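S.K.: For reference, the file coords.cif (mmCIF, C-alpha atoms (C1' of nucleotides)) is included below:
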data_entry
loop_
_atom_site.label_atom_id
_atom_site.label_comp_id
_atom_site.auth_asym_id
_atom_site.auth_seq_id
_atom_site.Cartn_x
_atom_site.Cartn_y
_atom_site.Cartn_z
CA MET Y 1 109.49 43.32 84.77
CA THR Y 2 107.97 40.77 87.12
CA ALA Y 3 104.27 40.08 86.86
CA LEU Y 4 102.39 41.51 89.81
CA THR Y 5 99.45 39.17 89.40
CA ASN Y 6 97.20 38.94 92.40
CA ARG Y 7 94.07 36.88 91.95
CA THR Y 8 92.62 37.39 95.41
CA ARG Y 9 90.75 40.32 96.84
CA GLY Y 10 92.11 43.64 97.99
CA ARG Y 11 94.49 46.17 96.56
CA ARG Y 12 97.26 44.86 94.30
CA ALA Y 13 100.82 44.93 95.58
CA VAL Y 14 102.74 47.84 94.10
CA THR Y 15 106.07 46.04 94.16
CA ASP Y 16 107.70 42.70 94.95
CA HIS Y 17 110.83 41.33 96.57
CA GLY Y 18 112.74 41.16 93.31
CA SER Y 19 112.21 44.80 92.38
CA ILE Y 20 113.26 45.96 95.80
CA GLU Y 21 116.30 43.72 95.69
CA ARG Y 22 117.39 45.05 92.31
CA ALA Y 23 116.96 48.68 93.30
CA ALA Y 24 118.79 48.09 96.56
CA PHE Y 25 121.73 46.32 94.92
CA ARG Y 26 122.12 49.15 92.47
CA LEU Y 27 122.44 51.59 95.36
CA PHE Y 28 124.65 49.30 97.44
CA GLU Y 29 127.11 48.96 94.60
CA ALA Y 30 127.10 52.66 93.84
CA GLN Y 31 127.41 54.00 97.40
CA GLY Y 32 128.07 51.07 99.70
CA PHE Y 33 125.71 49.25 102.02
CA ASP Y 34 126.05 51.38 105.13
CA GLU Y 35 125.82 54.59 103.15
CA THR Y 36 122.51 53.60 101.59
CA THR Y 37 119.41 54.45 103.60
CA MET Y 38 116.06 52.71 103.50
CA GLU Y 39 114.66 56.09 102.52
CA GLN Y 40 116.78 56.08 99.37
CA ILE Y 41 115.83 52.54 98.47
CA ALA Y 42 112.17 53.37 98.97
CA GLU Y 43 112.46 56.40 96.75
CA SER Y 44 114.29 54.38 94.11
CA VAL Y 45 111.58 51.71 94.09
CA GLY Y 46 108.91 54.40 94.15
CA VAL Y 47 107.31 53.22 97.33
CA GLY Y 48 107.00 54.38 100.94
CA ARG Y 49 109.72 53.58 103.44
CA ARG Y 50 107.14 51.89 105.63
CA THR Y 51 106.26 49.49 102.83
CA LEU Y 52 109.84 48.29 102.48
CA PHE Y 53 109.68 46.91 106.00
CA ARG Y 54 106.70 44.78 105.00
CA TYR Y 55 108.78 43.03 102.34
CA PHE Y 56 112.03 42.74 104.29
CA PRO Y 57 112.20 42.66 108.09
CA SER Y 58 115.39 44.67 108.01
CA LYS Y 59 117.82 46.32 105.65
CA ASN Y 60 120.26 43.52 106.43
CA ASP Y 61 117.86 40.97 105.02
CA ILE Y 62 117.69 42.50 101.56
CA PRO Y 63 120.98 41.04 100.26
CA TRP Y 64 119.85 37.55 101.25
CA GLY Y 65 116.92 37.58 98.85
CA GLN Y 66 115.23 34.22 98.44
CA PHE Y 67 117.43 32.35 100.89
CA ASP Y 68 114.51 30.74 102.73
CA GLN Y 69 113.40 29.05 99.54
CA SER Y 70 116.91 27.81 98.86
CA LEU Y 71 117.01 26.31 102.34
CA ARG Y 72 113.90 24.27 101.65
CA ASP Y 73 115.50 22.95 98.46
CA PHE Y 74 118.65 22.14 100.42
CA ALA Y 75 116.66 20.11 102.95
CA GLU Y 76 114.90 18.23 100.16
CA GLN Y 77 118.19 17.45 98.46
CA LEU Y 78 119.51 15.98 101.68
CA ALA Y 79 116.39 13.94 102.26
CA SER Y 80 116.70 12.40 98.81
CA VAL Y 81 120.22 11.03 99.28
CA PRO Y 82 120.21 7.21 99.39
CA ALA Y 83 120.63 5.82 102.89
CA ASP Y 84 123.71 3.82 101.98
CA VAL Y 85 125.77 6.95 101.34
CA PRO Y 86 127.81 7.71 104.48
CA VAL Y 87 126.40 10.68 106.43
CA PHE Y 88 129.36 12.91 105.98
CA GLU Y 89 129.58 12.13 102.29
CA ALA Y 90 125.87 12.93 101.89
CA VAL Y 91 126.22 16.30 103.58
CA HIS Y 92 129.29 17.23 101.60
CA ARG Y 93 127.68 16.24 98.32
CA CYS Y 94 124.63 18.40 99.03
CA VAL Y 95 126.70 21.36 100.17
CA VAL Y 96 128.56 21.20 96.89
CA ALA Y 97 125.31 20.95 94.93
CA PHE Y 98 123.83 23.83 96.95
CA ASN Y 99 126.64 26.03 95.75
CA ASP Y 100 126.67 24.95 92.13
CA TYR Y 101 125.24 27.80 90.06
CA ASP Y 102 125.01 28.05 86.32
CA LYS Y 103 126.95 30.71 84.49
CA GLU Y 104 124.47 33.62 84.50
CA ALA Y 105 123.35 33.06 88.06
CA LEU Y 106 127.00 32.86 89.08
CA ALA Y 107 127.75 36.51 88.25
CA GLN Y 108 124.86 37.73 90.38
CA HIS Y 109 125.75 35.27 93.10
CA ARG Y 110 129.27 36.61 93.22
CA ILE Y 111 128.06 40.17 93.66
CA ARG Y 112 125.70 39.07 96.39
CA MET Y 113 128.28 37.06 98.29
CA ARG Y 114 130.94 39.70 97.97
CA LEU Y 115 128.57 42.19 99.51
CA ILE Y 116 127.61 39.84 102.33
CA LEU Y 117 131.11 38.63 103.11
CA GLU Y 118 132.88 41.96 102.83
CA THR Y 119 130.49 44.26 104.67
CA PRO Y 120 130.99 43.97 108.42
CA THR Y 121 127.38 44.87 109.18
CA LEU Y 122 126.24 42.05 106.93
CA GLN Y 123 128.86 39.59 108.14
CA ALA Y 124 127.38 40.05 111.57
CA HIS Y 125 123.77 39.73 110.52
CA SER Y 126 124.51 36.68 108.41
CA VAL Y 127 125.11 34.54 111.47
CA LEU Y 128 121.36 34.33 111.86
CA ARG Y 129 120.98 33.00 108.32
CA TYR Y 130 123.88 30.63 108.77
CA ALA Y 131 122.20 29.28 111.89
CA ALA Y 132 119.19 28.27 109.83
CA TRP Y 133 121.45 26.61 107.28
CA ARG Y 134 123.30 24.73 110.00
CA GLY Y 135 119.94 23.70 111.41
CA VAL Y 136 119.11 21.87 108.19
CA ILE Y 137 122.34 19.90 108.44
CA GLU Y 138 121.87 19.21 112.14
CA ASP Y 139 118.41 17.83 111.54
CA TYR Y 140 119.62 15.60 108.76
CA VAL Y 141 122.62 14.25 110.65
CA ALA Y 142 120.56 13.65 113.79
CA ARG Y 143 117.93 11.80 111.80
CA ARG Y 144 120.45 9.68 109.91
CA LEU Y 145 122.36 8.70 113.05
CA ASP Y 146 119.24 8.53 115.22
CA LEU Y 147 120.61 11.02 117.76
CA GLY Y 148 118.75 13.38 120.09
CA SER Y 149 118.73 17.17 119.95
CA GLU Y 150 121.33 17.51 122.71
CA SER Y 151 123.85 15.38 120.87
CA LEU Y 152 127.21 16.71 120.05
CA LEU Y 153 127.78 15.35 116.57
CA PRO Y 154 124.93 16.93 114.57
CA ARG Y 155 125.80 20.41 115.83
CA LEU Y 156 129.45 19.82 115.19
CA ALA Y 157 128.65 18.65 111.68
CA GLY Y 158 126.69 21.85 111.06
CA HIS Y 159 129.49 24.05 112.31
CA ILE Y 160 132.13 22.21 110.34
CA SER Y 161 130.19 22.32 107.08
CA LEU Y 162 129.66 26.03 107.59
CA ALA Y 163 133.34 26.59 108.31
CA LEU Y 164 134.23 24.76 105.10
CA ALA Y 165 131.66 26.70 103.11
CA ILE Y 166 132.65 30.15 104.33
CA SER Y 167 136.30 29.36 103.96
CA SER Y 168 135.62 28.27 100.40
CA TYR Y 169 133.65 31.40 99.63
CA GLU Y 170 136.50 33.57 100.87
CA GLN Y 171 138.86 31.72 98.57
CA TRP Y 172 136.43 31.92 95.68
CA LEU Y 173 136.07 35.67 96.05
CA LEU Y 174 139.83 36.10 96.01
CA LYS Y 175 140.22 34.40 92.62
CA PRO Y 176 137.90 35.79 89.92
CA ASP Y 177 137.83 32.67 87.77
CA SER Y 178 137.88 29.92 90.33
CA ASP Y 179 135.29 27.21 90.61
CA LEU Y 180 133.32 27.08 93.84
CA PRO Y 181 132.43 23.37 93.97
CA GLY Y 182 136.05 22.57 93.20
CA ILE Y 183 137.27 24.75 96.05
CA LEU Y 184 134.83 23.09 98.42
CA ARG Y 185 136.26 19.70 97.58
CA GLN Y 186 139.78 20.96 97.92
CA GLU Y 187 139.09 22.48 101.31
CA LEU Y 188 137.76 19.18 102.54
CA TYR Y 189 140.88 17.45 101.31
CA GLU Y 190 143.06 20.02 103.08
CA LEU Y 191 141.08 19.69 106.27
CA ARG Y 192 141.58 15.96 106.34
CA SER Y 193 145.31 16.25 105.99
CA TYR Y 194 145.50 19.17 108.43
CA LEU Y 195 143.91 16.97 111.09
CA GLN Y 196 146.40 14.21 110.10
CA MET F 1 135.37 48.92 144.44
CA THR F 2 138.07 49.47 141.83
CA ALA F 3 140.67 52.12 142.47
CA LEU F 4 140.21 55.09 140.17
CA THR F 5 143.78 56.28 140.55
CA ASN F 6 144.94 58.62 137.85
CA ARG F 7 148.35 60.11 138.36
CA THR F 8 148.43 62.26 135.27
CA ARG F 9 146.86 65.66 134.71
CA GLY F 10 143.25 66.42 133.93
CA ARG F 11 139.98 65.43 135.50
CA ARG F 12 139.81 61.98 137.07
CA ALA F 13 137.72 59.34 135.37
CA VAL F 14 134.40 58.89 137.15
CA THR F 15 134.10 55.22 136.27
CA ASP F 16 135.92 52.35 134.54
CA HIS F 17 135.17 49.41 132.26
CA GLY F 18 134.65 47.01 135.14
CA SER F 19 132.01 49.10 136.88
CA ILE F 20 130.08 49.61 133.69
CA GLU F 21 130.30 45.92 132.89
CA ARG F 22 128.97 44.93 136.31
CA ALA F 23 126.09 47.37 136.22
CA ALA F 24 125.23 46.30 132.69
CA PHE F 25 125.28 42.58 133.49
CA ARG F 26 122.98 43.15 136.44
CA LEU F 27 120.47 44.80 134.14
CA PHE F 28 120.93 42.28 131.31
CA GLU F 29 120.19 39.42 133.67
CA ALA F 30 117.20 41.15 135.22
CA GLN F 31 115.52 42.38 132.03
CA GLY F 32 117.35 40.85 129.08
CA PHE F 33 119.87 42.42 126.75
CA ASP F 34 117.56 43.93 124.15
CA GLU F 35 115.24 45.31 126.81
CA THR F 36 118.05 47.20 128.53
CA THR F 37 118.81 50.66 127.15
CA MET F 38 122.09 52.50 127.31
CA GLU F 39 120.15 55.18 129.19
CA GLN F 40 119.36 52.69 131.97
CA ILE F 41 122.94 51.46 132.19
CA ALA F 42 124.18 55.03 132.38
CA GLU F 43 121.75 55.84 135.14
CA SER F 44 122.73 52.68 137.03
CA VAL F 45 126.42 53.56 136.81
CA GLY F 46 125.65 57.15 137.69
CA VAL F 47 127.10 58.61 134.55
CA GLY F 48 125.89 60.28 131.37
CA ARG F 49 124.80 58.16 128.40
CA ARG F 50 127.38 59.92 126.24
CA THR F 51 130.16 58.82 128.55
CA LEU F 52 129.27 55.15 128.17
CA PHE F 53 130.13 55.36 124.49
CA ARG F 54 133.62 56.52 125.41
CA TYR F 55 134.24 53.30 127.32
CA PHE F 56 132.50 50.89 124.93
CA PRO F 57 132.07 51.58 121.22
CA SER F 58 128.65 49.97 121.29
CA LYS F 59 126.20 48.28 123.63
CA ASN F 60 127.10 45.00 121.93
CA ASP F 61 130.68 45.33 123.07
CA ILE F 62 129.91 45.47 126.76
CA PRO F 63 129.47 41.71 127.26
CA TRP F 64 132.86 41.07 125.70
CA GLY F 65 134.74 42.96 128.39
CA GLN F 66 138.49 42.56 128.23
CA PHE F 67 138.56 40.33 125.17
CA ASP F 68 141.26 42.32 123.39
CA GLN F 69 143.67 41.65 126.24
CA SER F 70 142.83 37.94 126.18
CA LEU F 71 143.61 37.89 122.47
CA ARG F 72 147.08 39.26 123.06
CA ASP F 73 147.67 36.53 125.64
CA PHE F 74 146.40 33.95 123.17
CA ALA F 75 148.86 35.12 120.52
CA GLU F 76 151.74 34.96 123.02
CA GLN F 77 150.76 31.47 124.09
CA LEU F 78 150.87 30.35 120.48
CA ALA F 79 154.20 32.01 119.86
CA SER F 80 155.71 30.18 122.81
CA VAL F 81 154.87 26.67 121.61
CA PRO F 82 158.04 24.74 120.65
CA ALA F 83 158.53 24.44 116.91
CA ASP F 84 158.61 20.66 116.97
CA VAL F 85 154.96 20.43 118.03
CA PRO F 86 152.82 19.83 114.92
CA VAL F 87 150.91 22.97 113.87
CA PHE F 88 147.49 21.58 114.42
CA GLU F 89 148.47 20.17 117.79
CA ALA F 90 149.89 23.55 118.82
CA VAL F 91 146.70 25.37 117.88
CA HIS F 92 144.49 22.87 119.61
CA ARG F 93 146.57 22.97 122.78
CA CYS F 94 146.38 26.76 122.95
CA VAL F 95 142.66 26.83 122.24
CA VAL F 96 142.16 24.47 125.16
CA ALA F 97 144.39 26.59 127.40
CA PHE F 98 142.59 29.75 126.27
CA ASN F 99 139.35 28.27 127.58
CA ASP F 100 140.66 26.88 130.84
CA TYR F 101 139.33 29.08 133.65
CA ASP F 102 139.68 28.55 137.37
CA LYS F 103 136.64 27.91 139.48
CA GLU F 104 135.59 31.45 140.42
CA ALA F 105 136.24 32.90 136.99
CA LEU F 106 134.27 30.02 135.50
CA ALA F 107 130.94 31.07 137.01
CA GLN F 108 131.27 34.57 135.60
CA HIS F 109 132.49 33.20 132.28
CA ARG F 110 129.45 30.99 132.04
CA ILE F 111 127.10 33.92 132.54
CA ARG F 112 128.98 35.93 129.96
CA MET F 113 129.01 33.19 127.36
CA ARG F 114 125.40 32.26 127.93
CA LEU F 115 124.45 35.86 127.27
CA ILE F 116 126.60 36.07 124.15
CA LEU F 117 125.58 32.74 122.68
CA GLU F 118 121.88 32.92 123.47
CA THR F 119 121.09 36.51 122.49
CA PRO F 120 120.61 36.79 118.73
CA THR F 121 121.75 40.42 118.66
CA LEU F 122 124.99 39.40 120.36
CA GLN F 123 125.44 36.23 118.31
CA ALA F 124 125.48 38.49 115.29
CA HIS F 125 127.85 41.06 116.69
CA SER F 126 130.21 38.38 117.96
CA VAL F 127 131.29 37.49 114.45
CA LEU F 128 133.47 40.55 114.47
CA ARG F 129 135.19 39.39 117.65
CA TYR F 130 135.51 35.87 116.32
CA ALA F 131 137.18 37.26 113.23
CA ALA F 132 139.90 38.77 115.37
CA TRP F 133 140.34 35.47 117.19
CA ARG F 134 140.56 33.58 113.90
CA GLY F 135 143.08 36.14 112.74
CA VAL F 136 145.43 35.16 115.54
CA ILE F 137 145.25 31.53 114.46
CA GLU F 138 145.63 32.40 110.78
CA ASP F 139 148.75 34.41 111.48
CA TYR F 140 150.26 31.64 113.53
CA VAL F 141 149.52 28.88 111.03
CA ALA F 142 150.73 30.99 108.11
CA ARG F 143 153.97 31.76 109.95
CA ARG F 144 154.57 28.17 111.00
CA LEU F 145 153.96 26.78 107.51
CA ASP F 146 155.52 29.75 105.75
CA LEU F 147 152.42 30.47 103.69
CA GLY F 148 151.19 33.75 102.20
CA SER F 149 148.08 35.68 103.17
CA GLU F 150 146.04 34.32 100.28
CA SER F 151 146.66 30.72 101.26
CA LEU F 152 143.81 28.45 101.92
CA LEU F 153 145.05 26.50 104.91
CA PRO F 154 145.55 29.23 107.53
CA ARG F 155 142.04 30.57 107.00
CA LEU F 156 140.61 27.11 107.04
CA ALA F 157 142.44 26.38 110.28
CA GLY F 158 140.94 29.52 111.84
CA HIS F 159 137.43 28.62 110.76
CA ILE F 160 137.75 25.03 111.94
CA SER F 161 139.11 25.98 115.35
CA LEU F 162 136.28 28.44 115.75
CA ALA F 163 133.71 25.85 114.73
CA LEU F 164 135.12 23.45 117.31
CA ALA F 165 135.17 26.13 119.98
CA ILE F 166 131.63 27.36 119.44
CA SER F 167 130.31 23.85 119.17
CA SER F 168 132.03 23.05 122.47
CA TYR F 169 130.60 26.13 124.15
CA GLU F 170 127.10 25.16 123.08
CA GLN F 171 127.61 21.75 124.60
CA TRP F 172 129.12 23.21 127.76
CA LEU F 173 126.18 25.52 128.27
CA LEU F 174 123.75 22.62 127.93
CA LYS F 175 125.37 20.66 130.79
CA PRO F 176 125.80 22.70 133.99
CA ASP F 177 128.70 20.67 135.40
CA SER F 178 130.63 19.77 132.30
CA ASP F 179 134.26 20.59 131.74
CA LEU F 180 135.05 22.87 128.83
CA PRO F 181 138.59 21.73 128.00
CA GLY F 182 137.35 18.15 128.13
CA ILE F 183 134.56 18.91 125.70
CA LEU F 184 136.97 20.61 123.33
CA ARG F 185 139.10 17.49 123.23
CA GLN F 186 136.08 15.29 122.75
CA GLU F 187 134.80 17.42 119.88
CA LEU F 188 138.10 17.07 118.12
CA TYR F 189 137.98 13.33 118.54
CA GLU F 190 134.44 13.25 117.15
CA LEU F 191 135.41 15.42 114.23
CA ARG F 192 138.21 13.10 113.26
CA SER F 193 135.98 10.08 113.22
CA TYR F 194 133.17 11.99 111.46
CA LEU F 195 135.53 12.73 108.60
CA GLN F 196 136.56 9.02 108.65
"C1'" DT L 1 146.83 81.79 145.84
"C1'" DA L 2 145.67 82.61 141.15
"C1'" DT L 3 146.10 81.19 136.57
"C1'" DC L 4 147.27 77.91 132.88
"C1'" DT L 5 146.99 73.36 130.88
"C1'" DT L 6 145.17 69.00 130.32
"C1'" DT L 7 141.68 65.60 130.45
"C1'" DT L 8 137.12 63.80 131.20
"C1'" DT L 9 132.45 64.60 131.33
"C1'" DG L 10 127.91 65.08 129.62
"C1'" DG L 11 124.38 67.87 127.46
"C1'" DC L 12 122.33 68.97 122.87
"C1'" DG L 13 120.86 67.87 118.59
"C1'" DC L 14 121.10 65.15 114.77
"C1'" DT L 15 120.60 60.67 111.55
"C1'" DG L 16 118.81 56.32 110.62
"C1'" DA L 17 116.67 51.64 111.69
"C1'" DG L 18 112.73 49.71 113.13
"C1'" DT L 19 107.71 49.60 115.02
"C1'" DG L 20 102.74 50.37 116.23
"C1'" DC L 21 98.76 52.65 114.74
"C1'" DC L 22 95.45 53.86 111.47
"C1'" DA L 23 93.33 56.33 107.73
"C1'" DT L 24 93.42 55.90 102.73
"C1'" DT L 25 93.29 53.50 98.46
"C1'" DA L 26 92.52 49.84 95.27
"C1'" DT L 27 90.38 45.71 94.24
"C1'" DT L 28 87.01 41.79 94.19
"C1'" DC L 29 82.60 39.90 95.62
"C1'" DT L 30 77.52 40.17 96.28
"C1'" DA O 1 76.28 50.54 94.37
"C1'" DG O 2 78.00 48.99 98.43
"C1'" DA O 3 80.39 45.62 101.43
"C1'" DA O 4 84.51 43.15 102.36
"C1'" DT O 5 89.31 42.67 101.97
"C1'" DA O 6 94.12 43.65 101.47
"C1'" DA O 7 98.10 46.67 100.58
"C1'" DT O 8 99.90 51.21 101.20
"C1'" DG O 9 102.15 54.87 103.44
"C1'" DG O 10 102.06 58.74 106.58
"C1'" DC O 11 102.87 59.98 111.51
"C1'" DA O 12 104.99 59.73 115.63
"C1'" DC O 13 107.67 57.23 118.57
"C1'" DT O 14 112.04 54.61 120.72
"C1'" DC O 15 116.67 53.69 120.70
"C1'" DA O 16 121.69 53.31 119.11
"C1'" DG O 17 125.29 55.96 117.82
"C1'" DC O 18 127.97 60.24 116.69
"C1'" DG O 19 129.87 65.09 116.18
"C1'" DC O 20 130.30 69.21 118.62
"C1'" DC O 21 131.40 71.93 122.42
"C1'" DA O 22 131.06 74.10 126.89
"C1'" DA O 23 131.72 73.00 131.65
"C1'" DA O 24 134.08 70.53 135.38
"C1'" DA O 25 138.01 68.83 137.71
"C1'" DA O 26 142.48 67.86 138.28
"C1'" DG O 27 147.77 68.85 138.24
"C1'" DA O 28 151.42 72.28 136.99
"C1'" DT O 29 153.42 76.74 137.27
"C1'" DA O 30 154.43 81.27 138.83
#
How does the structure come out when it is put into C-alpha cells?
M.R.:
Amino acid sequence: MTALTNRTRGRRAVTDHGSIERAAFRLFEAQGFDETTMEQIAESVGVGRRTLFRYFPSKNDIPWGQFDQSLRDFAEQLASVPADVPVFEAVHRCVVAFNDYDKEALAQHRIRMRLILETPTLQAHSVLRYAAWRGVIEDYVARRLDLGSESLLPRLAGHISLALAISSYEQWLLKPDSDLPGILRQELYELRSYLQ
Amino acid sequence: MTALTNRTRGRRAVTDHGSIERAAFRLFEAQGFDETTMEQIAESVGVGRRTLFRYFPSKNDIPWGQFDQSLRDFAEQLASVPADVPVFEAVHRCVVAFNDYDKEALAQHRIRMRLILETPTLQAHSVLRYAAWRGVIEDYVARRLDLGSESLLPRLAGHISLALAISSYEQWLLKPDSDLPGILRQELYELRSYLQ
DNA sequence: TATCTTTTTGGCGCTGAGTGCCATTATTCT
DNA sequence: AGAATAATGGCACTCAGCGCCAAAAAGATA
C-alpha cells in the first residue's frame, strides 16, 4: 500500500509505521487494546516482535501515530500568527486549527481518539504526549510575553489549553455528529462565564 | 512503629500500608522509582513480594498512599459549603483547603509530590487518580447547578481545577519556601487576566 | 488441651512488555 | 565478486502483575 522506497544502502525495510498502525488498530478494535499482544500485532504485520519495538518505543505509542509531526506543524502555526493578535487569542485560534480535520480524516481521528481517551492504559500514557503539546504552547507564550522558563503564566496557559481540549474531546465523543472546533469555542465561552 | 492490632480471627497482618510506604520511599529516594523493584521493597519490609500486591494494586500506587481517604474528605468539605457561595468560589475554596498542610506534613507532602510529578512513570499513572479527584468536583458542580452527567460545564470545571492545581504544584516545587494555597490563589488571578 | 474456623501469608509458575546482544539477510557501492 | 551498510529477528533476560493453593497463625469451641 505504502511505497517502501529506500534509496540508501543496506537492506530495505520490510514494513513502515503506517502498516503497523493499521494492523494494530484492526486488532484493537476487534479485541480491545489490553487484550492485544505485541506478538499478535507482529504476526498480523508479518514481522518479528522485536522489529515492532524498532518502529514504536512501546505498545502505548502505536495509537498516537504521527503525533510528533503534527506537533511541529502546530509550532509553526503558532509562530506564523501576527504579533498584534493577543496571546491568548493566538493560542486558542491555533488549538482550534490543530483540531480541524476534513471529513475523511475525521472518521479515523474519531476512532483514534476514542481509543486513547477511553482506554485507561492509554489515558495514562497520553500524559507524556500531552506534556509535549503543552510544551509547544509554553514556549510560544513565554516568547510572546518575554518571560523566563520559571514563569507561572506560560505553564498555566499550557495546562488550561489542554484542559479545554480534553474536555472538548470528551464532549465530541459523546455526540456522534458534533463539530470539534465548535465545541472548543463553546468550552472557552463557558469557561469565561464560569470564572465570572 | 504502628500498632498491628487485629481483634478479629485469623492470622495477624505482618505489615501495614504505612510501613510499606516508608520502606518504599526510602528506596525511591536512594535509587529512584524505576530502579527500585518490588522484590527490593518486599525484602526491605521483610515480607514476600506477593504480599505487597495485596496492600497496593501496583507499584505505581505506593506513592499515593491514603489518597482515597483524602478524596472522601474532599467530597465532604464540598458538601458542607453553604449554598449561597457561588459554585466556582466553593470549588476553589475547597481545592485550597485540600492542599493546606501543616508544617510537619508539608515536608513529607513535598517529597511525595516531587516524586509523583517528576517521575514520568508516575506522571502517567497519576491520571487515573486525578480522574477520581475531578469526579468529585464534577459531581458537586452538577449537583449544585442541577445538570445531567452529559453536561459540559461540570467536566470542564473538573479539568480546569485540575489544571490550576497541577500548575500550582509545579510552581510550588520550583520554589522551596513558597506557600501552596497562596500560589493556587495567584494562579486563579493570573488565569482570569489571561482570559481577559 | 485438642480441634475447628478464619484470615493472612508467600511460594510457584505463568503471561506479556520491554531491552541488550548478535548473527543473518538484503542491498548498494567499488 | 567482495566490501560496506542497514534492517531484521531470534534468544535470553528482567520485571510487573496475577491466579492458584498450601502453609502458618490466630481466635473460637468443646
S.K.: Evaluate the PyMOL selection byres ((chain O and resi 2) around 12) and record the selected residues as a PDB file with C-alpha atoms (C1' of nucleotides), in the coordinates of the input, following the chain and residue labels used in the document.
M.R.:
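Heads up, here's the output in result.pdb:
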ATOM      1  C1'  DC L  29      82.600  39.900  95.620  1.00  0.00           C
ATOM      2  C1'  DT L  30      77.520  40.170  96.280  1.00  0.00           C
TER       3       DT L  30
ATOM      4  C1'  DA O   1      76.280  50.540  94.370  1.00  0.00           C
ATOM      5  C1'  DA O   3      80.390  45.620 101.430  1.00  0.00           C
ATOM      6  C1'  DA O   4      84.510  43.150 102.360  1.00  0.00           C
TER       7       DA O   4
END
S.K.: For range 41-50 of chain F, work out the shell of residues within 12 Å, counting all atoms listed in the file and skipping chain neighbours fewer than 5 positions away, then give it as a VMD selection string.
M.R.: (chain F and resid 13 to 28 31 33 35 to 36 55 to 59 62) or (chain L and resid 8 to 12) or (chain O and resid 16 to 19)
S.K.: Those same residues - C-alpha atoms (C1' of nucleotides) - I'd like them written as a PDB file, in the coordinates of the input.
M.R.:
ATOM      1  CA  ALA F  13     137.720  59.340 135.370  1.00  0.00           C
ATOM      2  CA  VAL F  14     134.400  58.890 137.150  1.00  0.00           C
ATOM      3  CA  THR F  15     134.100  55.220 136.270  1.00  0.00           C
ATOM      4  CA  ASP F  16     135.920  52.350 134.540  1.00  0.00           C
ATOM      5  CA  HIS F  17     135.170  49.410 132.260  1.00  0.00           C
ATOM      6  CA  GLY F  18     134.650  47.010 135.140  1.00  0.00           C
ATOM      7  CA  SER F  19     132.010  49.100 136.880  1.00  0.00           C
ATOM      8  CA  ILE F  20     130.080  49.610 133.690  1.00  0.00           C
ATOM      9  CA  GLU F  21     130.300  45.920 132.890  1.00  0.00           C
ATOM     10  CA  ARG F  22     128.970  44.930 136.310  1.00  0.00           C
ATOM     11  CA  ALA F  23     126.090  47.370 136.220  1.00  0.00           C
ATOM     12  CA  ALA F  24     125.230  46.300 132.690  1.00  0.00           C
ATOM     13  CA  PHE F  25     125.280  42.580 133.490  1.00  0.00           C
ATOM     14  CA  ARG F  26     122.980  43.150 136.440  1.00  0.00           C
ATOM     15  CA  LEU F  27     120.470  44.800 134.140  1.00  0.00           C
ATOM     16  CA  PHE F  28     120.930  42.280 131.310  1.00  0.00           C
ATOM     17  CA  GLN F  31     115.520  42.380 132.030  1.00  0.00           C
ATOM     18  CA  PHE F  33     119.870  42.420 126.750  1.00  0.00           C
ATOM     19  CA  GLU F  35     115.240  45.310 126.810  1.00  0.00           C
ATOM     20  CA  THR F  36     118.050  47.200 128.530  1.00  0.00           C
ATOM     21  CA  TYR F  55     134.240  53.300 127.320  1.00  0.00           C
ATOM     22  CA  PHE F  56     132.500  50.890 124.930  1.00  0.00           C
ATOM     23  CA  PRO F  57     132.070  51.580 121.220  1.00  0.00           C
ATOM     24  CA  SER F  58     128.650  49.970 121.290  1.00  0.00           C
ATOM     25  CA  LYS F  59     126.200  48.280 123.630  1.00  0.00           C
ATOM     26  CA  ILE F  62     129.910  45.470 126.760  1.00  0.00           C
TER      27      ILE F  62
ATOM     28  C1'  DT L   8     137.120  63.800 131.200  1.00  0.00           C
ATOM     29  C1'  DT L   9     132.450  64.600 131.330  1.00  0.00           C
ATOM     30  C1'  DG L  10     127.910  65.080 129.620  1.00  0.00           C
ATOM     31  C1'  DG L  11     124.380  67.870 127.460  1.00  0.00           C
ATOM     32  C1'  DC L  12     122.330  68.970 122.870  1.00  0.00           C
TER      33       DC L  12
ATOM     34  C1'  DA O  16     121.690  53.310 119.110  1.00  0.00           C
ATOM     35  C1'  DG O  17     125.290  55.960 117.820  1.00  0.00           C
ATOM     36  C1'  DC O  18     127.970  60.240 116.690  1.00  0.00           C
ATOM     37  C1'  DG O  19     129.870  65.090 116.180  1.00  0.00           C
TER      38       DG O  19
END
S.K.: Name the closest residue to chain Y among the candidates F:Asn60, F:Ala107, F:Gln69, F:Arg114; distances are taken between atoms, counting only C-alpha atoms.
M.R.: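 Going through F:Asn60, F:Ala107, F:Gln69, F:Arg114 one by one, the smallest distance to chain Y is for F:Asn60.
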S.K.: Would you kindly report the residues of chain Y within 9 Å of chain F, using all atoms listed in the file, as an MDAnalysis selection string?
M.R.: chainID Y and resid 87:89 120:121 123:128 150:153 155:160 162:164 166:168 170:171 174 187 190:192 194:196
S.K.: For this structure, which residues satisfy the selection - the PyMOL selection byres ((chain F and resi 95-97) around 8) - when it is evaluated on the file as given? I want them as a count of residues only.
M.R.: 12
S.K.: Tell me, as a list in words, which residues lie within 7 Å of range 22-27 of chain L, counting only C-alpha atoms (C1' of nucleotides); anything in the same chain fewer than 6 positions away does not count.
M.R.: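 Skipping anything fewer than 6 positions along the chain leaves Arg9, Gly10, Arg11 and Arg12 of chain Y.
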S.K.: What is the distance, in Å and to one decimal place, between C1' of DT14 in chain O and C1' of DC21 in chain L?
M.R.: 14.7 Å
